[in-house]
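Asker: As input, take final_14.txt (compact mmCIF, C-alpha atoms):
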```txt
# COMPACT_ATOMS: atom_id res chain seq x y z
CA MET A 1 0.00 0.00 0.00
CA ARG A 2 1.34 3.43 -0.94
CA LEU A 3 1.27 5.98 1.78
CA VAL A 4 0.18 9.48 0.68
CA PRO A 5 1.59 12.28 2.82
CA LYS A 6 -1.02 14.40 4.61
CA ARG A 7 0.08 17.62 2.93
CA GLY A 8 -0.18 15.92 -0.48
CA ARG A 9 -3.74 14.80 0.21
CA LEU A 10 -4.69 18.36 1.10
CA LEU A 11 -2.80 19.92 -1.76
CA THR A 12 -4.43 17.84 -4.52
CA PRO A 13 -8.02 19.18 -4.12
CA ILE A 14 -6.70 22.74 -3.61
CA VAL A 15 -4.68 22.61 -6.83
CA GLY A 16 -7.68 21.01 -8.60
CA LEU A 17 -10.03 23.75 -7.42
CA LEU A 18 -7.54 26.45 -8.42
CA GLY A 19 -7.22 24.90 -11.86
CA MET A 20 -11.01 24.77 -12.23
CA ALA A 21 -11.31 28.38 -11.11
CA VAL A 22 -8.75 29.53 -13.67
CA GLY A 23 -10.58 27.79 -16.50
CA TRP A 24 -14.09 28.55 -15.35
CA ILE A 25 -14.15 32.06 -13.85
CA PRO A 26 -13.10 34.03 -16.93
CA ASP A 27 -15.95 32.48 -18.99
CA TRP A 28 -18.42 32.99 -16.19
CA VAL A 29 -17.68 36.68 -15.75
CA TRP A 30 -17.29 37.21 -19.48
CA ALA A 31 -20.95 36.31 -19.84
CA GLY A 32 -21.84 39.62 -18.20
CA GLY A 33 -20.18 41.78 -20.79
CA GLU A 34 -20.73 42.35 -24.44
CA LYS A 35 -18.05 41.97 -27.07
CA ALA A 36 -15.77 44.87 -27.91
CA THR A 37 -17.30 45.02 -31.39
CA ASN A 38 -20.48 46.45 -29.82
CA LEU A 39 -18.54 49.51 -28.66
CA VAL A 40 -20.81 52.55 -28.14
CA VAL A 41 -18.99 55.77 -28.92
CA VAL A 42 -21.90 57.99 -27.87
CA ALA A 43 -23.23 57.40 -24.34
CA ASP A 44 -26.71 55.89 -24.36
CA THR A 45 -28.80 58.21 -22.19
CA ARG A 46 -32.05 56.27 -22.69
CA ARG A 47 -31.26 53.59 -20.10
CA VAL A 48 -30.08 55.87 -17.27
CA SER A 49 -31.62 58.57 -15.09
CA GLY A 50 -30.70 61.21 -12.50
CA ILE A 51 -27.01 61.95 -11.99
CA MET A 52 -25.99 59.15 -14.35
CA LYS A 53 -28.04 60.79 -17.11
CA TYR A 54 -26.37 64.14 -16.38
CA PHE A 55 -22.88 62.65 -16.78
CA ALA A 56 -23.86 60.63 -19.86
CA ASN A 57 -25.23 63.83 -21.45
CA LEU A 58 -22.12 65.76 -20.44
CA TYR A 59 -19.95 63.07 -22.06
CA ASN A 60 -21.86 63.56 -25.32
CA THR A 61 -21.90 67.36 -25.31
CA ASN A 62 -18.97 68.85 -23.33
CA THR A 63 -15.83 66.70 -23.22
CA LEU A 64 -13.67 69.25 -21.38
CA LEU A 65 -16.16 69.69 -18.53
CA PHE A 66 -16.61 65.91 -18.39
CA ALA A 67 -12.81 65.46 -18.10
CA VAL A 68 -12.61 68.07 -15.31
CA TRP A 69 -15.46 66.33 -13.47
CA ALA A 70 -13.78 62.95 -13.93
CA VAL A 71 -10.55 64.18 -12.30
CA VAL A 72 -12.29 66.16 -9.53
CA LEU A 73 -14.63 63.29 -8.64
CA THR A 74 -11.77 60.75 -8.67
CA VAL A 75 -9.76 62.98 -6.29
CA LEU A 76 -12.76 63.60 -4.01
CA PHE A 77 -13.85 59.97 -3.93
CA GLY A 78 -10.26 58.76 -3.42
CA ALA A 79 -9.68 61.25 -0.58
CA LEU A 80 -13.05 60.43 1.02
CA LEU A 81 -12.40 56.68 0.93
CA GLY A 82 -8.82 57.22 2.12
CA LEU A 83 -9.95 59.23 5.14
CA LEU A 84 -12.81 56.83 5.90
CA MET A 85 -10.50 53.80 5.78
CA ASP A 86 -7.93 55.72 7.81
CA TRP A 87 -10.53 56.27 10.53
CA LEU A 88 -11.64 52.63 10.41
CA MET A 89 -8.04 51.36 10.59
CA SER A 90 -7.30 53.59 13.58
CA ARG A 91 -10.10 51.72 15.44
CA THR A 92 -8.16 48.44 15.17
CA GLY A 93 -5.53 49.56 17.67
CA ILE A 94 -2.59 49.06 15.27
CA ASP A 95 0.16 51.68 15.41
CA LEU A 96 -0.22 53.43 12.06
CA LYS A 97 2.32 56.20 12.54
CA THR A 98 5.63 54.44 13.08
CA ARG A 99 7.48 51.62 11.41
CA LYS A 100 10.97 50.21 11.40
CA ILE A 101 12.76 49.89 8.09
CA ILE A 102 14.35 46.45 8.03
CA GLU A 103 15.86 45.45 4.71
CA HIS A 104 16.82 41.89 5.76
CA MET B 1 -28.93 37.16 -10.71
CA GLU B 2 -29.52 40.38 -12.64
CA TRP B 3 -28.48 42.52 -9.67
CA LEU B 4 -24.94 41.26 -10.11
CA TYR B 5 -24.67 43.10 -13.42
CA LEU B 6 -24.36 46.85 -13.81
CA TYR B 7 -25.00 48.87 -16.94
CA MET B 8 -22.14 51.18 -17.95
CA PRO B 9 -23.76 54.08 -19.85
CA ILE B 10 -20.62 55.35 -21.56
CA ALA B 11 -19.00 52.07 -22.62
CA GLY B 12 -22.49 50.71 -23.39
CA VAL B 13 -21.84 47.32 -21.80
CA THR B 14 -23.25 45.41 -18.84
CA ILE B 15 -20.58 44.36 -16.39
CA PHE B 16 -20.37 41.82 -13.55
CA TRP B 17 -19.74 44.44 -10.82
CA PRO B 18 -18.42 42.14 -8.03
CA GLY B 19 -15.62 41.37 -10.50
CA LEU B 20 -14.78 45.08 -10.60
CA VAL B 21 -14.72 45.26 -6.79
CA LEU B 22 -12.47 42.19 -6.68
CA ILE B 23 -10.04 43.61 -9.25
CA GLY B 24 -9.97 46.91 -7.32
CA PHE B 25 -9.35 45.09 -4.05
CA SER B 26 -6.58 42.81 -5.35
CA VAL B 27 -4.74 45.52 -7.25
CA GLY B 28 -5.16 47.81 -4.22
CA VAL B 29 -3.40 45.22 -2.06
CA ILE B 30 -0.60 44.61 -4.56
CA GLY B 31 -0.16 48.28 -5.52
CA GLY B 32 -0.04 49.43 -1.90
CA PHE B 33 2.60 46.81 -1.12
CA PHE B 34 4.87 47.28 -4.15
CA GLY B 35 4.26 50.94 -4.93
CA MET B 36 2.93 50.60 -8.43
CA GLY B 37 -0.28 51.32 -10.28
CA GLY B 38 -0.73 47.80 -11.60
CA ALA B 39 -2.14 48.67 -15.03
CA TRP B 40 -0.69 45.41 -16.39
CA MET B 41 -3.03 43.56 -14.01
CA VAL B 42 -6.13 45.76 -14.30
CA THR B 43 -6.36 46.15 -18.07
CA PRO B 44 -6.57 42.41 -18.91
CA GLY B 45 -8.87 41.93 -15.90
CA LEU B 46 -11.26 44.59 -17.23
CA ASN B 47 -11.07 43.10 -20.69
CA ILE B 48 -12.03 39.67 -19.32
CA LEU B 49 -15.04 41.25 -17.59
CA GLY B 50 -16.18 42.44 -21.00
CA PHE B 51 -14.82 45.97 -21.08
CA PRO B 52 -13.86 47.19 -24.55
CA MET B 53 -10.07 47.72 -24.62
CA ALA B 54 -10.48 51.38 -25.58
CA PHE B 55 -12.31 52.06 -22.31
CA ALA B 56 -10.26 49.66 -20.18
CA ILE B 57 -7.06 51.77 -20.28
CA GLY B 58 -8.69 55.13 -19.42
CA THR B 59 -10.85 53.59 -16.68
CA ASP B 60 -7.78 51.88 -15.30
CA MET B 61 -5.81 55.17 -15.25
CA ALA B 62 -8.48 56.99 -13.19
CA HIS B 63 -8.87 54.04 -10.82
CA ILE B 64 -5.09 53.90 -10.33
CA ALA B 65 -5.00 57.63 -9.50
CA GLY B 66 -7.72 57.26 -6.83
CA LYS B 67 -6.22 54.07 -5.42
CA SER B 68 -2.72 55.55 -5.24
CA MET B 69 -4.15 58.54 -3.38
CA ILE B 70 -5.57 56.20 -0.71
CA SER B 71 -2.23 54.36 -0.44
CA THR B 72 -0.20 57.60 -0.42
CA ILE B 73 -2.27 58.95 2.51
CA ARG B 74 -1.41 55.83 4.51
CA HIS B 75 2.27 55.63 3.41
CA SER B 76 2.67 59.32 4.21
CA LYS B 77 1.64 58.70 7.82
CA PHE B 78 4.29 55.99 8.08
CA GLY B 79 6.86 58.49 6.79
CA ASN B 80 7.38 56.47 3.60
CA VAL B 81 6.89 59.35 1.12
CA ASP B 82 9.73 61.69 0.19
CA TYR B 83 7.67 64.49 -1.38
CA LYS B 84 10.72 66.50 -2.49
CA LEU B 85 12.12 63.51 -4.38
CA GLY B 86 8.66 62.64 -5.74
CA LEU B 87 8.04 66.16 -7.09
CA ILE B 88 11.48 66.35 -8.72
CA MET B 89 10.90 62.97 -10.35
CA VAL B 90 7.44 63.96 -11.62
CA LEU B 91 9.15 66.55 -13.82
CA GLY B 92 11.47 64.00 -15.44
CA THR B 93 8.68 61.40 -15.72
CA PHE B 94 6.27 63.75 -17.55
CA ILE B 95 8.88 64.90 -20.07
CA GLY B 96 10.05 61.31 -20.54
CA ILE B 97 6.51 59.97 -21.10
CA GLU B 98 5.82 62.66 -23.70
CA VAL B 99 9.09 61.96 -25.57
CA GLY B 100 8.43 58.18 -25.39
CA ALA B 101 4.88 58.60 -26.75
CA GLN B 102 6.15 60.79 -29.61
CA LEU B 103 8.79 58.17 -30.39
CA VAL B 104 6.15 55.44 -30.65
CA MET B 105 3.98 57.63 -32.93
CA TYR B 106 7.01 58.27 -35.15
CA LEU B 107 7.80 54.53 -35.31
CA GLU B 108 4.11 53.79 -36.04
CA ARG B 109 4.28 56.02 -39.10
CA LEU B 110 7.26 53.98 -40.27
CA GLY B 111 5.49 50.62 -39.86
CA LYS B 112 4.07 48.10 -37.40
CA VAL B 113 5.70 48.49 -34.01
CA GLU B 114 3.32 46.72 -31.63
CA SER B 115 5.24 43.45 -31.60
CA THR B 116 8.64 45.21 -31.33
CA VAL B 117 7.43 47.28 -28.37
CA ARG B 118 6.12 44.15 -26.70
CA TRP B 119 9.47 42.36 -27.05
CA ILE B 120 11.36 45.39 -25.73
CA TYR B 121 9.01 45.33 -22.74
CA VAL B 122 9.76 41.61 -22.23
CA GLY B 123 13.49 42.39 -22.40
CA PHE B 124 13.23 45.04 -19.70
CA LEU B 125 11.10 42.82 -17.48
CA ALA B 126 13.68 40.03 -17.83
CA LEU B 127 16.39 42.52 -16.89
CA ILE B 128 14.49 43.76 -13.82
CA GLY B 129 13.63 40.19 -12.73
CA THR B 130 17.27 39.10 -13.07
CA MET B 131 18.46 42.20 -11.21
CA VAL B 132 16.05 41.63 -8.30
CA PHE B 133 16.97 37.96 -7.85
CA TYR B 134 20.69 38.56 -8.35
CA ASP B 135 20.55 41.37 -5.75
CA TYR B 136 18.85 39.04 -3.29
CA TYR B 137 21.37 36.26 -3.94
CA LYS B 138 24.34 38.61 -3.49
CA ALA B 139 22.90 40.26 -0.35
CA THR B 140 22.11 36.90 1.26
CA ARG B 141 25.64 35.63 0.51
CA LYS B 142 27.15 38.78 2.04
CA LYS B 143 24.90 38.44 5.09
CA ARG B 144 26.01 34.84 5.60
CA MET B 145 29.61 35.96 5.39
CA GLY B 146 28.89 38.61 8.01
CA VAL B 147 29.50 41.64 5.73
CA VAL B 148 27.53 44.66 6.98
CA GLU B 149 27.58 47.95 5.05
CA GLY B 150 26.17 51.02 6.80
CA GLU B 151 22.62 51.39 8.07
CA LYS B 152 21.02 49.22 5.42
CA GLY B 153 22.93 46.07 6.36
CA ALA B 154 24.21 43.67 3.70
CA GLU B 155 23.26 44.85 0.23
CA GLY B 156 23.51 43.13 -3.12
CA ILE B 157 23.46 45.70 -5.91
CA THR B 158 24.83 49.10 -4.87
CA TRP B 159 24.99 51.02 -8.18
CA TYR B 160 23.46 54.04 -6.45
CA LYS B 161 26.66 54.53 -4.42
CA THR B 162 28.65 55.16 -7.60
CA LEU B 163 25.93 57.46 -8.96
CA HIS B 164 25.82 59.46 -5.69
CA ARG B 165 29.51 60.30 -6.20
CA ILE B 166 28.67 62.33 -9.33
CA LYS B 167 28.14 65.74 -7.73
CA ILE B 168 26.89 67.94 -10.58
CA PRO B 169 25.30 71.02 -8.93
CA PRO B 170 22.80 71.59 -7.50
CA VAL B 171 23.33 68.88 -4.88
CA VAL B 172 20.23 68.19 -2.78
CA HIS B 173 19.64 66.35 0.49
CA PHE B 174 16.52 64.19 0.65
CA LYS B 175 15.66 64.05 4.33
CA THR B 176 13.02 61.30 4.32
CA ALA B 177 14.92 59.04 1.94
CA GLY B 178 18.13 59.82 3.84
CA PHE B 179 20.68 60.56 1.11
CA THR B 180 22.35 63.46 -0.70
CA CYS B 181 22.92 63.52 -4.45
CA SER B 182 22.91 65.73 -7.52
CA VAL B 183 19.38 66.77 -8.46
CA TRP B 184 20.19 65.57 -11.98
CA LEU B 185 20.29 61.95 -10.81
CA PRO B 186 16.55 61.62 -9.98
CA ILE B 187 15.67 63.83 -12.98
CA THR B 188 17.70 61.64 -15.38
CA VAL B 189 16.46 58.36 -13.91
CA SER B 190 12.82 59.50 -13.95
CA PHE B 191 13.23 60.82 -17.50
CA MET B 192 14.59 57.43 -18.63
CA THR B 193 11.87 55.43 -16.84
CA GLY B 194 9.24 57.91 -18.12
CA LEU B 195 10.58 57.59 -21.66
CA LEU B 196 10.35 53.81 -21.45
CA ALA B 197 6.87 54.01 -19.90
CA GLY B 198 5.67 56.33 -22.69
CA PHE B 199 7.30 54.16 -25.33
CA LEU B 200 5.86 50.94 -23.91
CA GLY B 201 2.45 52.47 -23.13
CA ILE B 202 2.54 51.55 -19.43
CA GLY B 203 2.20 53.49 -16.17
CA GLY B 204 5.85 53.00 -15.26
CA GLY B 205 5.65 51.86 -11.62
CA LEU B 206 7.11 48.51 -12.61
CA LEU B 207 10.25 50.28 -13.88
CA ARG B 208 10.40 53.19 -11.43
CA MET B 209 10.22 51.19 -8.18
CA PRO B 210 13.42 49.17 -8.88
CA ALA B 211 15.05 52.32 -10.33
CA LEU B 212 14.37 54.15 -7.05
CA VAL B 213 15.99 51.31 -5.11
CA TYR B 214 18.97 50.39 -7.29
CA LEU B 215 19.84 53.64 -9.07
CA ILE B 216 18.68 56.38 -6.70
CA GLY B 217 19.36 54.52 -3.44
CA CYS B 218 16.00 54.74 -1.66
CA PRO B 219 15.27 52.27 1.14
CA THR B 220 12.63 49.82 -0.22
CA HIS B 221 9.76 51.16 1.94
CA ILE B 222 10.42 54.77 0.90
CA ALA B 223 10.73 53.74 -2.75
CA VAL B 224 7.25 52.17 -2.47
CA GLY B 225 5.66 55.27 -0.87
CA THR B 226 7.38 57.82 -3.12
CA ASP B 227 6.54 55.87 -6.26
CA LEU B 228 2.88 55.73 -5.26
CA PHE B 229 2.87 59.51 -4.87
CA GLU B 230 4.18 59.78 -8.42
CA VAL B 231 1.72 57.18 -9.74
CA MET B 232 -1.08 59.27 -8.21
CA ILE B 233 -0.03 62.42 -10.09
CA SER B 234 0.63 60.68 -13.42
CA GLY B 235 -2.62 58.71 -12.99
CA LEU B 236 -4.62 61.94 -12.60
CA TYR B 237 -2.96 63.38 -15.69
CA GLY B 238 -3.73 60.14 -17.56
CA ALA B 239 -7.34 60.21 -16.34
CA PHE B 240 -7.74 63.75 -17.67
CA THR B 241 -6.27 63.04 -21.11
CA TYR B 242 -8.24 59.80 -21.53
CA SER B 243 -11.45 61.60 -20.43
CA MET B 244 -10.79 64.24 -23.06
CA LYS B 245 -10.60 61.43 -25.60
CA GLY B 246 -13.88 60.03 -24.24
CA ARG B 247 -12.24 56.76 -23.16
CA ILE B 248 -13.26 56.50 -19.52
CA GLU B 249 -16.15 54.82 -17.69
CA LEU B 250 -16.72 56.73 -14.45
CA VAL B 251 -19.19 54.25 -12.93
CA ALA B 252 -16.60 51.46 -13.16
CA VAL B 253 -13.93 53.73 -11.65
CA PHE B 254 -16.02 54.33 -8.54
CA VAL B 255 -17.04 50.67 -8.17
CA MET B 256 -13.39 49.60 -8.42
CA LEU B 257 -12.30 52.30 -5.98
CA THR B 258 -14.55 50.92 -3.23
CA GLY B 259 -12.69 47.60 -3.42
CA ALA B 260 -9.33 49.36 -3.80
CA ALA B 261 -9.93 51.44 -0.66
CA VAL B 262 -9.92 48.29 1.47
CA GLY B 263 -7.16 46.57 -0.52
CA ALA B 264 -4.84 49.60 -0.45
CA GLN B 265 -5.02 49.73 3.36
CA ILE B 266 -4.10 46.05 3.63
CA GLY B 267 -1.22 46.34 1.15
CA THR B 268 0.16 49.50 2.69
CA VAL B 269 -0.04 48.35 6.32
CA ALA B 270 1.53 45.01 5.29
CA THR B 271 4.75 46.89 4.32
CA LYS B 272 5.13 47.66 8.03
CA TYR B 273 5.48 43.96 8.80
CA ALA B 274 7.54 43.02 5.73
CA LYS B 275 11.29 43.22 5.31
CA GLY B 276 12.67 45.24 2.41
CA TYR B 277 14.13 42.19 0.68
CA GLY B 278 10.83 40.31 1.15
CA ILE B 279 9.08 43.10 -0.78
CA ARG B 280 11.78 43.02 -3.48
CA ILE B 281 11.51 39.24 -4.00
CA ALA B 282 7.69 39.27 -4.20
CA PHE B 283 8.02 42.17 -6.64
CA GLY B 284 10.46 40.11 -8.73
CA ILE B 285 7.92 37.26 -8.91
CA CYS B 286 5.25 39.71 -10.16
CA VAL B 287 7.68 40.98 -12.82
CA VAL B 288 8.35 37.42 -14.02
CA ALA B 289 4.59 36.65 -14.12
CA CYS B 290 3.99 39.83 -16.14
CA MET B 291 6.79 38.84 -18.54
CA VAL B 292 5.46 35.29 -19.04
CA SER B 293 1.93 36.61 -19.67
CA ILE B 294 3.22 39.00 -22.37
CA ILE B 295 5.22 36.23 -24.08
CA LEU B 296 2.14 33.97 -24.07
CA LYS B 297 0.01 36.77 -25.52
CA GLU B 298 2.60 37.36 -28.24
CA PHE B 299 2.30 33.69 -29.28
CA GLY B 300 -1.52 33.86 -29.34
CA PHE B 301 -2.29 32.22 -25.97
CA SER B 302 -4.44 35.11 -24.73
CA SER B 303 -6.61 33.05 -22.34
CA LEU B 304 -3.58 31.42 -20.72
CA SER B 305 -1.91 34.83 -20.47
CA ALA B 306 -4.96 36.28 -18.68
CA ALA B 307 -5.15 33.19 -16.45
CA ILE B 308 -1.52 33.67 -15.36
CA ILE B 309 -2.22 37.29 -14.47
CA LEU B 310 -5.38 36.32 -12.55
CA VAL B 311 -3.59 33.55 -10.60
CA THR B 312 -0.66 35.90 -9.80
CA ILE B 313 -3.05 38.61 -8.58
CA GLY B 314 -4.97 36.09 -6.46
CA LEU B 315 -1.96 34.41 -4.88
CA MET B 316 0.03 37.62 -4.34
CA SER B 317 -2.87 39.51 -2.74
CA ALA B 318 -3.59 36.49 -0.50
CA TYR B 319 0.11 36.35 0.51
CA ILE B 320 0.18 40.09 1.34
CA THR B 321 -3.11 39.85 3.27
CA VAL B 322 -1.64 37.02 5.37
CA ILE B 323 1.48 39.14 6.12
CA MET B 324 -0.76 42.00 7.25
CA ILE B 325 -3.08 39.87 9.41
CA LYS B 326 -0.21 37.94 11.05
CA GLY B 327 1.79 41.12 11.72
CA ALA B 328 -1.18 43.05 13.10
CA ALA B 329 -2.23 40.12 15.34
CA GLN B 330 1.34 39.86 16.69
CA GLU B 331 1.49 43.61 17.36
CA LEU B 332 -1.86 43.62 19.17
CA ARG B 333 -0.81 40.59 21.27
CA GLU B 334 2.42 42.36 22.26
CA LYS B 335 0.48 45.53 23.15
CA LYS B 336 -1.92 43.57 25.34
CA ALA B 337 0.93 41.76 27.09
CA LEU B 338 2.68 45.08 27.75
CA ALA B 339 -0.51 46.63 29.14
CA ARG B 340 -1.01 43.60 31.39
CA SER B 341 2.55 43.73 32.75
CA LEU B 342 2.24 47.49 33.34
CA ALA B 343 -1.03 46.96 35.21
CA LYS B 344 0.61 44.26 37.34
CA ALA B 345 3.58 46.51 38.15
CA ALA B 346 1.21 49.31 39.19
```
Give the structure from this file in structure tokens form.
Answerer:
Amino acid sequence: MRLVPKRGRLLTPIVGLLGMAVGWIPDWVWAGGEKATNLVVVADTRRVSGIMKYFANLYNTNTLLFAVWAVVLTVLFGALLGLLMDWLMSRTGIDLKTRKIIEH
Amino acid sequence: MEWLYLYMPIAGVTIFWPGLVLIGFSVGVIGGFFGMGGAWMVTPGLNILGFPMAFAIGTDMAHIAGKSMISTIRHSKFGNVDYKLGLIMVLGTFIGIEVGAQLVMYLERLGKVESTVRWIYVGFLALIGTMVFYDYYKATRKKRMGVVEGEKGAEGITWYKTLHRIKIPPVVHFKTAGFTCSVWLPITVSFMTGLLAGFLGIGGGLLRMPALVYLIGCPTHIAVGTDLFEVMISGLYGAFTYSMKGRIELVAVFVMLTGAAVGAQIGTVATKYAKGYGIRIAFGICVVACMVSIILKEFGFSSLSAAIILVTIGLMSAYITVIMIKGAAQELREKKALARSLAKAA
């Protein structure tokens, strides 16, 4: 009788699952999107409303203002999330202000 | 399961949004740890989700800018960002990117360059990978032999020491990074990395991070923080130019940023518990994975190429998350033990 090491027995299903995931996930998520050939150059404002409609309209009519909004909103959202996460992390009790630089 | 799909009004496609959050999270972890934007990971990921390539790059740029901002805030608090060095390098990077982009356009007019550019990219990645592993090998050998050089301990590649000796005025001291050199050194290095980034059509973090360590002489942690600061600025510039060209999907940017906000914290805090050479080796593995994926793509194995990137992202972000959790748990245990012993003594 051949003895299979414990780690080997555990590793086989993990590797198998990983392999399945690699082959299966891309197809699964791909199903959600349309092919690049269906590229819409003009934003379709018929399927959206409210603020989304405003930005879709802006994209179609005023590119410069849209670009400014894109940068400003990215900065604001990034800063907001950064500060929010900063506050949340400070609740964990970890020292977030000092660190030692150890190269080795 | 319709709620799992979100309509993108500008790109005109319906996207599996948890996939966007996951990409944002994973790249946030990896980017915060290595100090790079991670466009090479995001763009194929977005493409797999069904994003048209034309929108994938612009969306990626804006997401990288926001994500790097979150990471820079955290790195800055650790004292990992040398703003003076970062601002000087931004100058060289921008000029370099512009020259590199013009060079590609000129070569495009002469004929097909896509494949050539890709092979040059592979060549540079091979060079960086070799450099990182050779540096580690040399440093480990020196350490075993008991050779210790200055504050940084045993080092493998020390090209920066030779470059620091070139004192063309003005000579500047970088307090956070802890070295003095001619201002032309960071300008030249950033110009060269910017030129390559513009020529190769990449963000440049993959080239700039090792350049900061090996050519400029930054400690690994400060190279990571300073590079992220630069990625943030170049990402915002990229977001603006791509928006002007109408190649950005704002909804996707915000969805990805929510995942990146969490991931960036994990990646950044993990640097606190990682040794410099640990970061360098993991970075080297990412470089090799990126190189292999490009080679596979060049030979027509696009699915396998994307799979390699996905597996690398998954494994690397899991590895970094484990470093962060283990380190934080250890720190909290030590804090509790200290509080207990203080209470007993009182």
Asker: One decimal, in Å: what's the spacing between CA of Ser293 in chain B and CA of Glu230 in chain B?
Answerer: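 It comes out at 25.9 Å.
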Asker: Taking into account all atoms listed in the file, which residue in the set B:Leu22, B:Val322, B:Ala211, B:Leu200 is nearest to Trp119 in chain B?
Answerer: B:Leu200
Asker: Would you compute the distance between CA of Ala139 in chain B and CA of Ala154 in chain B? Give it in Å to one decimal.
Answerer: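 Separation between CA of Ala139 in chain B and CA of Ala154 in chain B: 5.5 Å.
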Asker: Could you check which of A:Ala70, A:Met85, A:Leu64, A:Ile51 is closest to Ile248 in chain B, using only C-alpha atoms?
Answerer: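 Of the candidates, the smallest distance to Ile248 in chain B is held by A:Ala70.
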Asker: List as a ChimeraX atom specification the protein and nucleic acid residues near Gly32 in chain B, meaning an atom at most 7 Å away when all atoms listed in the file are counted, but skip any in the same chain fewer than 4 places from it.
Answerer: /B:28,71,264,267-268
Asker: Here is a test: counting all atoms listed in the file, which residue of A:Ala43, A:Leu84, A:Ser49, A:Thr61 is nearest to chain B?
Answerer: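 For chain B, the nearest of the given residues is A:Ala43.
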Asker: Please, what distance in Å, to one decimal, runs between CA of Pro186 in chain B and CA of Met89 in chain B?
Answerer: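 Spanning CA of Pro186 in chain B to CA of Met89 in chain B is a straight-line distance of 5.8 Å.
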Asker: Applying 7 Å and only C-alpha atoms, which residues near Phe199 in chain B remain after dropping the ones on its own chain fewer than 6 positions away? List them as a PyMOL selection string.
Answerer: chain B and resi 100-101+103-104
Asker: Which residues are near Leu65 in chain A? Cut-off 12 Å, only C-alpha atoms, ignore same chain within fewer than 2 positions. Put them as a count of residues only.
Answerer: 21
Asker: Nearest residue to chain A out of B:Ile325, B:Leu87, B:Val189, B:Met53, using all atoms listed in the file?
Answerer: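 Of B:Ile325, B:Leu87, B:Val189, B:Met53, the one nearest chain A is B:Met53, counting all atoms listed in the file.
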Asker: Closest to chain B among A:Gly78, A:Gly50, A:Leu83, A:Met89, using only C-alpha atoms?
Answerer: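 Residue with the minimum atom-to-atom distance to chain B: A:Gly78.
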Asker: Nearest to His221 in chain B among B:Gly276, B:Gly235, B:Pro52, B:Gly259, with distances taken over all atoms listed in the file: which residue is it?
Answerer: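 When distances to His221 in chain B are compared using all atoms listed in the file, the smallest one comes from B:Gly276.
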